[in-house]
file my_file.cif (mmCIF, C-alpha atoms)
data_entry
#
loop_
_atom_site.label_atom_id
_atom_site.label_comp_id
_atom_site.auth_asym_id
_atom_site.auth_seq_id
_atom_site.Cartn_x
_atom_site.Cartn_y
_atom_site.Cartn_z
CA MET A 1 -77.21 -45.93 34.63
CA ASP A 2 -74.54 -44.86 32.12
CA ARG A 3 -70.82 -44.60 32.83
CA GLU A 4 -70.70 -40.86 33.50
CA GLN A 5 -73.60 -41.08 35.94
CA LEU A 6 -71.94 -43.98 37.75
CA LEU A 7 -68.66 -42.10 38.00
CA LYS A 8 -70.38 -39.03 39.41
CA GLU A 9 -72.51 -40.97 41.89
CA ARG A 10 -69.62 -43.04 43.19
CA GLU A 11 -67.18 -40.14 43.40
CA GLU A 12 -69.74 -38.08 45.33
CA ARG A 13 -70.29 -40.98 47.74
CA VAL A 14 -66.57 -41.37 48.38
CA GLU A 15 -65.93 -37.63 48.63
CA THR A 16 -68.82 -37.14 51.06
CA ALA A 17 -67.36 -39.79 53.36
CA ALA A 18 -63.82 -38.43 52.87
CA THR A 19 -64.90 -35.01 54.15
CA MET A 20 -66.67 -36.60 57.16
CA GLY A 21 -70.14 -36.30 55.67
CA ILE A 22 -72.94 -38.85 55.56
CA PRO A 23 -73.45 -40.39 52.09
CA ASP A 24 -76.42 -42.54 51.11
CA ARG A 25 -74.47 -45.61 52.22
CA VAL A 26 -71.01 -46.65 53.32
CA PRO A 27 -68.65 -46.60 50.30
CA TRP A 28 -67.06 -49.97 49.54
CA VAL A 29 -63.52 -49.26 48.36
CA PRO A 30 -61.21 -52.30 48.60
CA MET A 31 -57.55 -51.42 48.01
CA VAL A 32 -56.88 -54.17 45.46
CA SER A 33 -53.39 -55.10 44.31
CA GLY A 34 -52.36 -58.66 43.47
CA PHE A 35 -55.98 -59.86 43.56
CA TYR A 36 -56.32 -58.50 40.03
CA MET A 37 -53.71 -61.10 39.12
CA LEU A 38 -54.16 -64.05 41.46
CA GLY A 39 -57.95 -63.80 41.26
CA TYR A 40 -57.90 -63.91 37.46
CA GLN A 41 -55.10 -66.37 36.63
CA VAL A 42 -52.30 -63.88 35.92
CA SER A 43 -48.90 -64.29 37.61
CA PHE A 44 -46.95 -61.53 39.31
CA TYR A 45 -44.15 -62.34 36.89
CA ASP A 46 -46.35 -61.63 33.87
CA PHE A 47 -47.58 -58.36 35.33
CA MET A 48 -44.10 -57.11 36.20
CA LYS A 49 -43.00 -57.88 32.64
CA ASP A 50 -46.05 -56.32 30.99
CA PRO A 51 -48.84 -54.68 33.05
CA ARG A 52 -51.28 -55.08 30.17
CA THR A 53 -51.66 -58.73 31.21
CA VAL A 54 -53.86 -57.57 34.10
CA LYS A 55 -56.31 -55.55 31.98
CA GLU A 56 -58.86 -58.34 31.80
CA GLY A 57 -58.64 -58.93 35.54
CA VAL A 58 -59.22 -55.24 36.32
CA ARG A 59 -62.20 -55.09 33.98
CA LYS A 60 -63.74 -58.29 35.34
CA PHE A 61 -63.27 -57.09 38.91
CA CYS A 62 -65.05 -53.82 38.19
CA GLN A 63 -67.94 -55.60 36.49
CA GLU A 64 -68.24 -58.36 39.07
CA TYR A 65 -67.87 -56.34 42.28
CA GLU A 66 -68.89 -52.80 41.28
CA PRO A 67 -66.69 -50.94 43.81
CA ASP A 68 -67.36 -47.30 44.68
CA ALA A 69 -63.75 -46.48 43.83
CA GLY A 70 -60.77 -48.46 42.70
CA SER A 71 -57.03 -48.67 43.08
CA LEU A 72 -54.31 -50.19 40.95
CA PRO A 73 -51.20 -52.12 42.00
CA GLY A 74 -47.93 -50.24 42.31
CA PHE A 75 -45.12 -52.57 41.24
CA TYR A 76 -41.56 -52.26 40.02
CA ASN A 77 -41.10 -53.07 36.38
CA MET A 78 -38.91 -56.11 36.01
CA ASP A 79 -37.01 -55.02 32.91
CA SER A 80 -35.66 -51.96 34.72
CA LEU A 81 -34.56 -54.03 37.70
CA GLU A 82 -32.73 -56.44 35.41
CA ALA A 83 -31.09 -53.61 33.47
CA LEU A 84 -29.78 -51.99 36.66
CA GLY A 85 -28.67 -55.22 38.34
CA THR A 86 -30.78 -54.34 41.37
CA THR A 87 -29.67 -56.10 44.55
CA PHE A 88 -32.13 -54.90 47.23
CA ILE A 89 -35.22 -56.43 45.60
CA ARG A 90 -36.02 -60.04 44.78
CA TRP A 91 -38.61 -60.49 42.07
CA PRO A 92 -40.47 -63.46 40.59
CA GLY A 93 -38.76 -65.47 37.90
CA PRO A 94 -35.54 -67.40 37.33
CA GLU A 95 -33.13 -64.52 38.00
CA CYS A 96 -33.98 -64.37 41.72
CA GLY A 97 -35.47 -67.82 42.12
CA VAL A 98 -38.83 -66.49 43.33
CA PRO A 99 -41.98 -68.38 42.19
CA LEU A 100 -43.86 -66.71 39.34
CA ASP A 101 -47.05 -66.22 41.38
CA VAL A 102 -45.31 -64.55 44.33
CA SER A 103 -44.88 -60.78 44.66
CA PHE A 104 -41.53 -58.99 44.78
CA GLN A 105 -39.66 -58.82 48.08
CA HIS A 106 -37.98 -55.67 49.36
CA LEU A 107 -34.80 -56.52 51.30
CA ASP A 108 -33.63 -54.38 54.22
CA MET A 109 -30.30 -52.91 53.14
CA GLU A 110 -27.77 -50.49 54.60
CA ALA A 111 -26.93 -48.25 51.64
CA LEU A 112 -25.83 -45.31 53.79
CA MET A 113 -23.27 -46.00 56.52
CA GLU A 114 -23.58 -44.52 60.01
CA ASP A 115 -20.44 -42.42 59.54
CA GLU A 116 -21.85 -40.87 56.32
CA TYR A 117 -24.66 -38.87 57.89
CA GLU A 118 -22.87 -35.54 57.56
CA GLU A 119 -22.03 -36.18 53.94
CA PHE A 120 -25.66 -36.97 53.19
CA ILE A 121 -26.95 -33.92 55.06
CA ASP A 122 -24.50 -31.60 53.26
CA ASP A 123 -25.33 -32.89 49.77
CA PRO A 124 -28.07 -35.55 49.51
CA THR A 125 -28.13 -35.52 45.69
CA HIS A 126 -24.42 -36.25 45.29
CA MET A 127 -24.57 -38.90 48.00
CA ILE A 128 -27.49 -40.66 46.33
CA LEU A 129 -25.85 -40.52 42.90
CA THR A 130 -22.32 -41.61 43.77
CA LYS A 131 -22.74 -43.93 46.76
CA ILE A 132 -26.29 -45.10 47.41
CA LEU A 133 -27.20 -45.99 43.81
CA PRO A 134 -23.96 -47.92 43.14
CA ARG A 135 -24.47 -49.93 46.32
CA LYS A 136 -28.05 -50.87 45.44
CA HIS A 137 -27.59 -51.64 41.73
CA SER A 138 -24.62 -53.71 40.58
CA ARG A 139 -24.48 -52.19 37.09
CA LEU A 140 -24.27 -48.63 38.45
CA LYS A 141 -20.96 -48.99 40.29
CA GLY A 142 -19.35 -46.65 37.76
CA LEU A 143 -21.35 -43.73 39.19
CA ALA A 144 -19.04 -43.81 42.20
CA LYS A 145 -16.34 -42.31 39.97
CA LEU A 146 -18.29 -39.11 39.29
CA ASP A 147 -17.60 -35.91 41.22
CA PHE A 148 -19.18 -32.54 40.46
CA HIS A 149 -18.46 -30.65 43.65
CA ASP A 150 -16.24 -28.00 42.03
CA ILE A 151 -18.34 -25.26 40.44
CA TYR A 152 -15.40 -23.48 38.75
CA ASP A 153 -15.66 -23.88 34.96
CA LYS A 154 -12.28 -25.46 34.19
CA SER A 155 -12.39 -27.85 37.12
CA LEU A 156 -15.96 -28.80 36.32
CA ILE A 157 -15.10 -29.49 32.68
CA ASP A 158 -12.05 -31.51 33.75
CA SER A 159 -14.34 -33.71 35.85
CA PHE A 160 -15.99 -34.92 32.63
CA ALA A 161 -12.91 -37.08 32.09
CA ALA A 162 -14.64 -39.69 34.25
CA PHE A 163 -17.02 -40.36 31.36
CA THR A 164 -14.21 -42.08 29.46
CA ASP A 165 -14.13 -44.83 32.08
CA PRO A 166 -15.69 -48.13 30.88
CA GLU A 167 -17.53 -48.60 34.18
CA VAL A 168 -19.10 -45.16 33.89
CA TRP A 169 -20.19 -46.00 30.34
CA GLU A 170 -21.69 -49.27 31.61
CA ALA A 171 -23.64 -47.36 34.27
CA LEU A 172 -24.94 -44.85 31.74
CA GLU A 173 -25.99 -47.60 29.37
CA ALA A 174 -27.76 -49.45 32.21
CA MET A 175 -29.60 -46.26 33.15
CA LYS A 176 -30.61 -45.74 29.52
CA ARG A 177 -32.04 -49.26 29.28
CA ALA A 178 -33.81 -48.87 32.61
CA GLY A 179 -35.28 -45.54 31.46
CA GLU A 180 -36.56 -47.04 28.22
CA ALA A 181 -38.15 -49.90 30.14
CA SER A 182 -39.72 -47.47 32.62
CA ASN A 183 -41.23 -45.37 29.85
CA LEU A 184 -42.72 -48.43 28.19
CA PHE A 185 -44.07 -49.78 31.49
CA ARG A 186 -45.62 -46.41 32.35
CA LYS A 187 -47.27 -46.20 28.93
CA ARG A 188 -48.72 -49.69 29.26
CA MET A 189 -49.83 -49.00 32.82
CA GLY A 190 -51.72 -45.99 31.50
CA GLU A 191 -53.84 -48.37 29.43
CA VAL A 192 -54.67 -50.32 32.59
CA MET A 193 -55.54 -47.17 34.54
CA GLY A 194 -58.04 -46.16 31.89
CA ILE A 195 -60.13 -49.27 32.54
CA LEU A 196 -61.52 -48.04 35.87
CA PRO A 197 -63.28 -44.93 34.50
CA GLU A 198 -64.35 -46.91 31.43
CA GLU A 199 -66.26 -49.15 33.85
CA GLY A 200 -67.71 -46.22 35.80
CA VAL A 201 -65.28 -46.64 38.72
CA PRO A 202 -63.38 -43.55 39.92
CA HIS A 203 -59.79 -43.79 41.11
CA LEU A 204 -59.48 -43.54 44.88
CA VAL A 205 -55.92 -42.22 44.59
CA GLN A 206 -54.17 -40.33 41.81
CA GLY A 207 -50.68 -40.31 43.27
CA GLY A 208 -48.45 -41.48 46.07
CA LEU A 209 -45.90 -39.98 48.41
CA THR A 210 -43.38 -41.84 50.53
CA ILE A 211 -42.78 -39.53 53.46
CA PRO A 212 -39.06 -38.70 53.85
CA PHE A 213 -38.69 -40.54 57.18
CA ASP A 214 -39.84 -43.78 55.58
CA ALA A 215 -37.94 -43.09 52.36
CA PHE A 216 -34.71 -42.59 54.32
CA ALA A 217 -35.31 -45.82 56.24
CA ASP A 218 -36.27 -47.84 53.17
CA SER A 219 -33.71 -46.56 50.72
CA CYS A 220 -30.74 -45.30 52.72
CA ARG A 221 -30.09 -46.59 56.23
CA GLY A 222 -32.39 -49.62 56.23
CA ILE A 223 -35.37 -50.13 58.54
CA ILE A 224 -33.44 -51.95 61.29
CA ASN A 225 -30.63 -49.39 61.38
CA THR A 226 -33.06 -46.46 61.32
CA SER A 227 -34.93 -47.89 64.30
CA MET A 228 -31.64 -48.17 66.19
CA ASP A 229 -30.50 -44.71 65.09
CA LEU A 230 -33.44 -43.27 67.02
CA ILE A 231 -31.43 -44.31 70.08
CA ARG A 232 -27.84 -44.06 68.81
CA CYS A 233 -27.91 -40.79 66.88
CA PRO A 234 -31.43 -39.29 66.83
CA GLU A 235 -30.24 -35.75 66.04
CA ASP A 236 -28.36 -36.93 62.94
CA LEU A 237 -31.40 -38.89 61.81
CA GLU A 238 -33.67 -35.88 62.32
CA ARG A 239 -31.34 -33.59 60.34
CA ALA A 240 -31.05 -36.10 57.50
CA VAL A 241 -34.82 -36.52 57.24
CA ASN A 242 -35.31 -32.74 57.31
CA SER A 243 -32.73 -32.33 54.55
CA LEU A 244 -34.51 -34.92 52.43
CA THR A 245 -37.86 -33.27 53.13
CA ASN A 246 -36.68 -29.85 52.05
CA PHE A 247 -35.81 -30.88 48.52
CA THR A 248 -38.42 -33.56 47.81
CA VAL A 249 -41.85 -33.02 49.38
CA GLU A 250 -42.93 -29.66 47.98
CA LYS A 251 -41.84 -30.59 44.46
CA ALA A 252 -43.55 -33.99 44.53
CA VAL A 253 -46.82 -32.56 45.82
CA LYS A 254 -46.82 -29.68 43.35
CA THR A 255 -46.27 -32.13 40.49
CA ALA A 256 -49.22 -34.26 41.62
CA ALA A 257 -51.44 -31.18 41.92
CA ALA A 258 -50.45 -30.04 38.42
CA ARG A 259 -51.61 -33.41 37.07
CA GLY A 260 -55.03 -32.83 38.61
CA ALA A 261 -54.67 -35.34 41.43
CA LYS A 262 -57.40 -35.28 44.08
CA ARG A 263 -56.16 -37.76 46.68
CA ILE A 264 -52.58 -38.77 47.52
CA ILE A 265 -51.76 -41.94 49.44
CA MET A 266 -48.88 -42.19 51.91
CA PRO A 267 -47.98 -45.72 53.11
CA LEU A 268 -46.61 -45.40 56.66
CA HIS A 269 -44.63 -48.33 57.98
CA MET A 270 -41.83 -46.90 60.13
CA GLY A 271 -44.35 -45.38 62.56
CA VAL A 272 -45.77 -48.66 63.85
CA ASP A 273 -45.98 -49.24 67.60
CA GLU A 274 -43.20 -51.83 67.52
CA PHE A 275 -40.59 -49.61 65.81
CA MET A 276 -40.44 -46.64 68.16
CA SER A 277 -41.73 -45.38 71.48
CA PRO A 278 -44.63 -42.93 71.66
CA THR A 279 -42.15 -40.23 72.72
CA ASN A 280 -39.90 -40.82 69.71
CA TYR A 281 -42.92 -41.00 67.42
CA GLU A 282 -44.09 -37.57 68.54
CA LYS A 283 -40.63 -36.02 68.38
CA TYR A 284 -39.13 -37.51 65.21
CA TYR A 285 -41.84 -39.15 63.10
CA TRP A 286 -45.03 -37.14 63.50
CA PRO A 287 -43.50 -33.73 62.59
CA ASN A 288 -42.35 -35.17 59.26
CA LEU A 289 -45.70 -36.85 58.58
CA LYS A 290 -47.63 -33.74 59.62
CA ARG A 291 -45.56 -31.57 57.28
CA CYS A 292 -46.41 -33.90 54.37
CA ILE A 293 -50.11 -33.93 55.33
CA ASN A 294 -50.26 -30.14 55.51
CA THR A 295 -48.38 -29.70 52.22
CA ILE A 296 -50.85 -31.96 50.40
CA ILE A 297 -53.77 -30.06 51.93
CA LYS A 298 -52.17 -26.74 50.98
CA TYR A 299 -52.30 -27.74 47.33
CA GLY A 300 -55.98 -28.62 47.52
CA MET A 301 -55.70 -32.41 47.73
CA THR A 302 -56.67 -35.00 50.33
CA PRO A 303 -53.89 -37.03 51.98
CA ILE A 304 -54.65 -40.69 52.63
CA ALA A 305 -52.38 -41.82 55.44
CA PHE A 306 -52.15 -45.61 55.47
CA CYS A 307 -51.07 -46.51 59.01
CA GLU A 308 -49.55 -49.95 58.55
CA GLY A 309 -49.16 -52.40 61.41
CA HIS A 310 -50.21 -51.68 65.00
CA TYR A 311 -51.06 -48.03 65.62
CA ASN A 312 -52.90 -47.94 68.95
CA SER A 313 -50.41 -45.70 70.75
CA ARG A 314 -50.50 -43.02 68.03
CA LEU A 315 -54.21 -42.26 67.75
CA GLU A 316 -54.32 -39.09 69.85
CA VAL A 317 -51.34 -37.67 67.94
CA LEU A 318 -53.03 -38.29 64.59
CA CYS A 319 -55.87 -35.98 65.63
CA ASP A 320 -53.68 -32.90 65.15
CA VAL A 321 -54.90 -32.24 61.60
CA PRO A 322 -57.50 -29.92 60.01
CA LYS A 323 -60.95 -31.42 60.45
CA GLY A 324 -62.42 -33.17 57.41
CA LYS A 325 -59.25 -32.89 55.32
CA VAL A 326 -57.56 -36.26 55.89
CA ILE A 327 -58.34 -39.95 55.38
CA TYR A 328 -56.69 -42.42 57.75
CA MET A 329 -56.44 -46.07 56.79
CA PHE A 330 -55.52 -48.62 59.44
CA GLU A 331 -54.23 -52.19 59.32
CA ASN A 332 -54.36 -53.35 62.93
CA VAL A 333 -55.97 -51.10 65.51
CA ASP A 334 -58.69 -50.87 68.16
CA ILE A 335 -61.50 -49.45 66.02
CA ARG A 336 -63.53 -48.30 69.03
CA ARG A 337 -60.64 -46.09 70.11
CA VAL A 338 -60.24 -44.94 66.52
CA LYS A 339 -63.86 -43.77 66.45
CA GLU A 340 -63.40 -41.93 69.76
CA THR A 341 -60.22 -40.16 68.64
CA VAL A 342 -59.31 -39.95 64.96
CA GLY A 343 -62.94 -40.39 63.93
CA LYS A 344 -63.78 -36.99 65.39
CA VAL A 345 -61.48 -35.10 62.98
CA ALA A 346 -60.85 -37.33 59.95
CA CYS A 347 -62.42 -39.93 57.70
CA VAL A 348 -61.56 -43.49 58.70
CA ALA A 349 -61.10 -46.26 56.14
CA GLY A 350 -62.12 -49.54 57.72
CA CYS A 351 -59.76 -52.42 58.17
CA VAL A 352 -61.40 -55.78 57.51
CA PRO A 353 -58.42 -58.16 57.88
CA ASN A 354 -56.98 -59.47 54.63
CA ALA A 355 -56.38 -62.85 56.28
CA LEU A 356 -60.09 -63.07 57.08
CA LEU A 357 -61.00 -62.37 53.45
CA ALA A 358 -58.56 -65.05 52.29
CA TYR A 359 -59.11 -67.81 54.85
CA GLY A 360 -62.16 -66.92 56.98
CA LYS A 361 -65.62 -68.40 56.79
CA PRO A 362 -68.38 -66.36 55.09
CA GLU A 363 -70.25 -65.91 58.37
CA GLN A 364 -67.08 -64.51 59.97
CA VAL A 365 -66.65 -62.02 57.13
CA GLU A 366 -70.28 -60.95 57.50
CA ALA A 367 -69.95 -60.52 61.26
CA GLU A 368 -66.75 -58.47 61.03
CA THR A 369 -68.16 -56.25 58.28
CA LYS A 370 -71.25 -55.50 60.36
CA ARG A 371 -69.12 -54.89 63.46
CA GLN A 372 -67.01 -52.30 61.66
CA ILE A 373 -70.09 -50.58 60.24
CA ASP A 374 -71.75 -50.52 63.68
CA ILE A 375 -68.70 -48.91 65.28
CA LEU A 376 -67.24 -46.69 62.56
CA ALA A 377 -70.17 -45.65 60.35
CA PRO A 378 -72.42 -43.64 62.73
CA ASP A 379 -72.38 -39.91 61.86
CA GLY A 380 -70.48 -40.56 58.60
CA GLY A 381 -66.81 -40.20 57.76
CA PHE A 382 -66.30 -43.91 57.09
CA ILE A 383 -65.09 -45.86 54.05
CA MET A 384 -65.12 -49.66 54.04
CA ASN A 385 -61.72 -51.06 53.15
CA CYS A 386 -59.46 -54.01 53.82
CA SER A 387 -56.46 -53.96 56.15
CA ALA A 388 -53.73 -53.74 53.48
CA MET A 389 -53.28 -53.90 49.72
CA LEU A 390 -55.26 -57.00 48.80
CA ASP A 391 -53.48 -59.89 47.06
CA ASN A 392 -55.18 -63.09 48.20
CA ALA A 393 -58.89 -63.43 48.89
CA ASP A 394 -61.65 -66.00 48.57
CA GLN A 395 -64.11 -64.99 45.86
CA LYS A 396 -67.12 -65.97 47.97
CA ASN A 397 -65.85 -63.90 50.89
CA MET A 398 -65.37 -60.93 48.61
CA HIS A 399 -69.00 -61.09 47.52
CA ILE A 400 -70.20 -61.43 51.11
CA TRP A 401 -68.09 -58.45 52.16
CA ARG A 402 -69.38 -56.32 49.29
CA ASP A 403 -73.03 -57.32 49.68
CA VAL A 404 -73.11 -56.78 53.44
CA THR A 405 -71.51 -53.35 53.07
CA TYR A 406 -74.01 -52.28 50.41
CA GLN A 407 -77.07 -53.57 52.29
CA TYR A 408 -76.16 -53.15 55.96
CA GLY A 409 -74.21 -49.94 55.37
CA GLU A 410 -77.20 -47.82 54.36
CA TYR A 411 -77.73 -44.69 56.44
CA LYS A 412 -81.31 -44.50 57.71
#

call {"tool": "encode", "arguments": {"input": "my_file.cif", "output": "structure tokens"}}
result
Amino acid sequence: MDREQLLKEREERVETAATMGIPDRVPWVPMVSGFYMLGYQVSFYDFMKDPRTVKEGVRKFCQEYEPDAGSLPGFYNMDSLEALGTTFIRWPGPECGVPLDVSFQHLDMEALMEDEYEEFIDDPTHMILTKILPRKHSRLKGLAKLDFHDIYDKSLIDSFAAFTDPEVWEALEAMKRAGEASNLFRKRMGEVMGILPEEGVPHLVQGGLTIPFDAFADSCRGIINTSMDLIRCPEDLERAVNSLTNFTVEKAVKTAAARGAKRIIMPLHMGVDEFMSPTNYEKYYWPNLKRCINTIIKYGMTPIAFCEGHYNSRLEVLCDVPKGKVIYMFENVDIRRVKETVGKVACVAGCVPNALLAYGKPEQVEAETKRQIDILAPDGGFIMNCSAMLDNADQKNMHIWRDVTYQYGEYK
């Protein structure tokens, strides 16, 4: 079968499952990330310096495992982090002291203080530019000296005097270097992305969206503080998230649609069972997630909601979506309850544990794969996947997982 035929066949199989149909067999779509590197003798350091180093690994993976759709790792580019003097991320290499074959680490950081909520709500852009960015990147501290609140011509022109300050110049130069590095990284990553269709493997996702609740927690207040703010100042938190939503979501989704994206992934980590009560989830988290889901659907795309962590207490809430328009991925959940709830309205992407693929015995991988097919595959709407972005895995286990899905996952 030639490349175009493979692409069409695989895309139809995935799309049939995504819309809750019954394909010829269960699609096998592992969300691969660092496995392209660690499985093919490339370090995280090398990839973050130049993504082209993973091209051979991506091609070999496609040829060896023949997935029904593929994904590519989403990583920061190291040269931009170094140019900005980034402080909230630790990355492999001598600058941060992280081993070369270990992924980057995102540190929980309070970049927005509790008493700054009103300032953020009134003007998120100015707050991000002059306070949050300087706190998160050591070479951008000069941005704190900028102020463009006065719209009157003379006053606005007078405010340009700040650009004579050496620290402002340093910040601008750092941003220029970071921008150049980002452009180069994006160009090189484009070469990597082209490998999947060259090998007859469609892209599962063509874009990503961090929902504003998670973005605010990750990038502004910090995850720990945001969890506590649900108790201390929930109304302020809700207003801040709504403000962020109003000026980010529609634009981001429209941009993805204009590029021809078909499926958009949303990693969800603040909504886990451990971070908030079911009541707070329904009141503060779900409305924001639902708005993002509906916006993606409105523009003719399929949202893929990746429910990280434990999600057992949220399943009934997740059912409040248009039938056959959403894919839910899960990391740690009771799959029987998933089939009884979410599985009635949305496609479910299976969650074979990453730890099992890395350290389990082949017979355990086979048993778990069959168990998930037995429970989640009947009547369609099921995609076989792992429990999180896959970094470490045993090659033999990967083959067992793939083979069992292809053979046992046939619809008869």

call {"tool": "resolve_selection", "arguments": {"input": "my_file.cif", "expression": "the PyMOL selection byres ((chain A and resi 392) around 9)", "output": "PyMOL selection string"}}
result
chain A and resi 34-35+38-39+354-355+357-358+390-391+393-394

call {"tool": "resolve_selection", "arguments": {"input": "my_file.cif", "expression": "the PyMOL selection byres ((chain A and resi 381) around 9)", "output": "list in words"}}
result
Thr16, Ala17, Ala18, Thr19, Met20, Gly21, Ile22, Pro23, Val26, Gly324, Ile327, Gly343, Lys344, Ala346, Cys347, Val348, Ala349, Leu376, Ala377, Pro378, Asp379, Gly380, Phe382 and Ile383 of chain A

call {"tool": "closest_residue", "arguments": {"input": "my_file.cif", "among": "A:Phe44, A:Leu268, A:Asp79, A:Thr53", "to": "A:Val98", "atoms": "all atoms listed in the file"}}
result
A:Phe44

call {"tool": "closest_residue", "arguments": {"input": "my_file.cif", "among": "A:Lys325, A:Lys396, A:Lys339, A:Lys141", "to": "A:Leu356", "atoms": "only C-alpha atoms"}}
result
A:Lys396

call {"tool": "residues_around", "arguments": {"input": "my_file.cif", "residues": "stretch 177-183 of chain A", "least_positions_apart": "3", "cutoff": "10 Å", "atoms": "all atoms listed in the file", "output": "tab-separated table (two decimals) with C-alpha atoms, in the frame of the given file"}}
result
chain	number	residue	atom	x	y	z
A	49	LYS	CA	-43.00	-57.88	32.64
A	76	TYR	CA	-41.56	-52.26	40.02
A	77	ASN	CA	-41.10	-53.07	36.38
A	78	MET	CA	-38.91	-56.11	36.01
A	79	ASP	CA	-37.01	-55.02	32.91
A	80	SER	CA	-35.66	-51.96	34.72
A	81	LEU	CA	-34.56	-54.03	37.70
A	82	GLU	CA	-32.73	-56.44	35.41
A	83	ALA	CA	-31.09	-53.61	33.47
A	84	LEU	CA	-29.78	-51.99	36.66
A	85	GLY	CA	-28.67	-55.22	38.34
A	171	ALA	CA	-23.64	-47.36	34.27
A	172	LEU	CA	-24.94	-44.85	31.74
A	173	GLU	CA	-25.99	-47.60	29.37
A	174	ALA	CA	-27.76	-49.45	32.21
A	186	ARG	CA	-45.62	-46.41	32.35
A	187	LYS	CA	-47.27	-46.20	28.93
A	188	ARG	CA	-48.72	-49.69	29.26
A	189	MET	CA	-49.83	-49.00	32.82

call {"tool": "atom_distance", "arguments": {"input": "my_file.cif", "atom1": "atom CA of A:His137", "atom2": "atom CA of A:Leu244"}}
result
21.0 Å

call {"tool": "closest_residue", "arguments": {"input": "my_file.cif", "among": "A:Phe216, A:Trp28, A:Tyr152, A:Phe61", "to": "A:Asp108", "atoms": "all atoms listed in the file"}}
result
A:Phe216

call {"tool": "closest_atom_pairs", "arguments": {"input": "my_file.cif", "of": "stretch 241-294 of chain A", "to": "stretch 115-126 of chain A", "cutoff": "10 Å", "atoms": "all atoms listed in the file", "output": "CSV"}}
result
residue,atom,partner,partner_atom,distance
A:Val241,CA,A:Ile121,CA,8.6
A:Asn242,CA,A:Ile121,CA,8.7
A:Ser243,CA,A:Ile121,CA,6.0
A:Leu244,CA,A:Pro124,CA,7.1
A:Phe247,CA,A:Pro124,CA,9.1
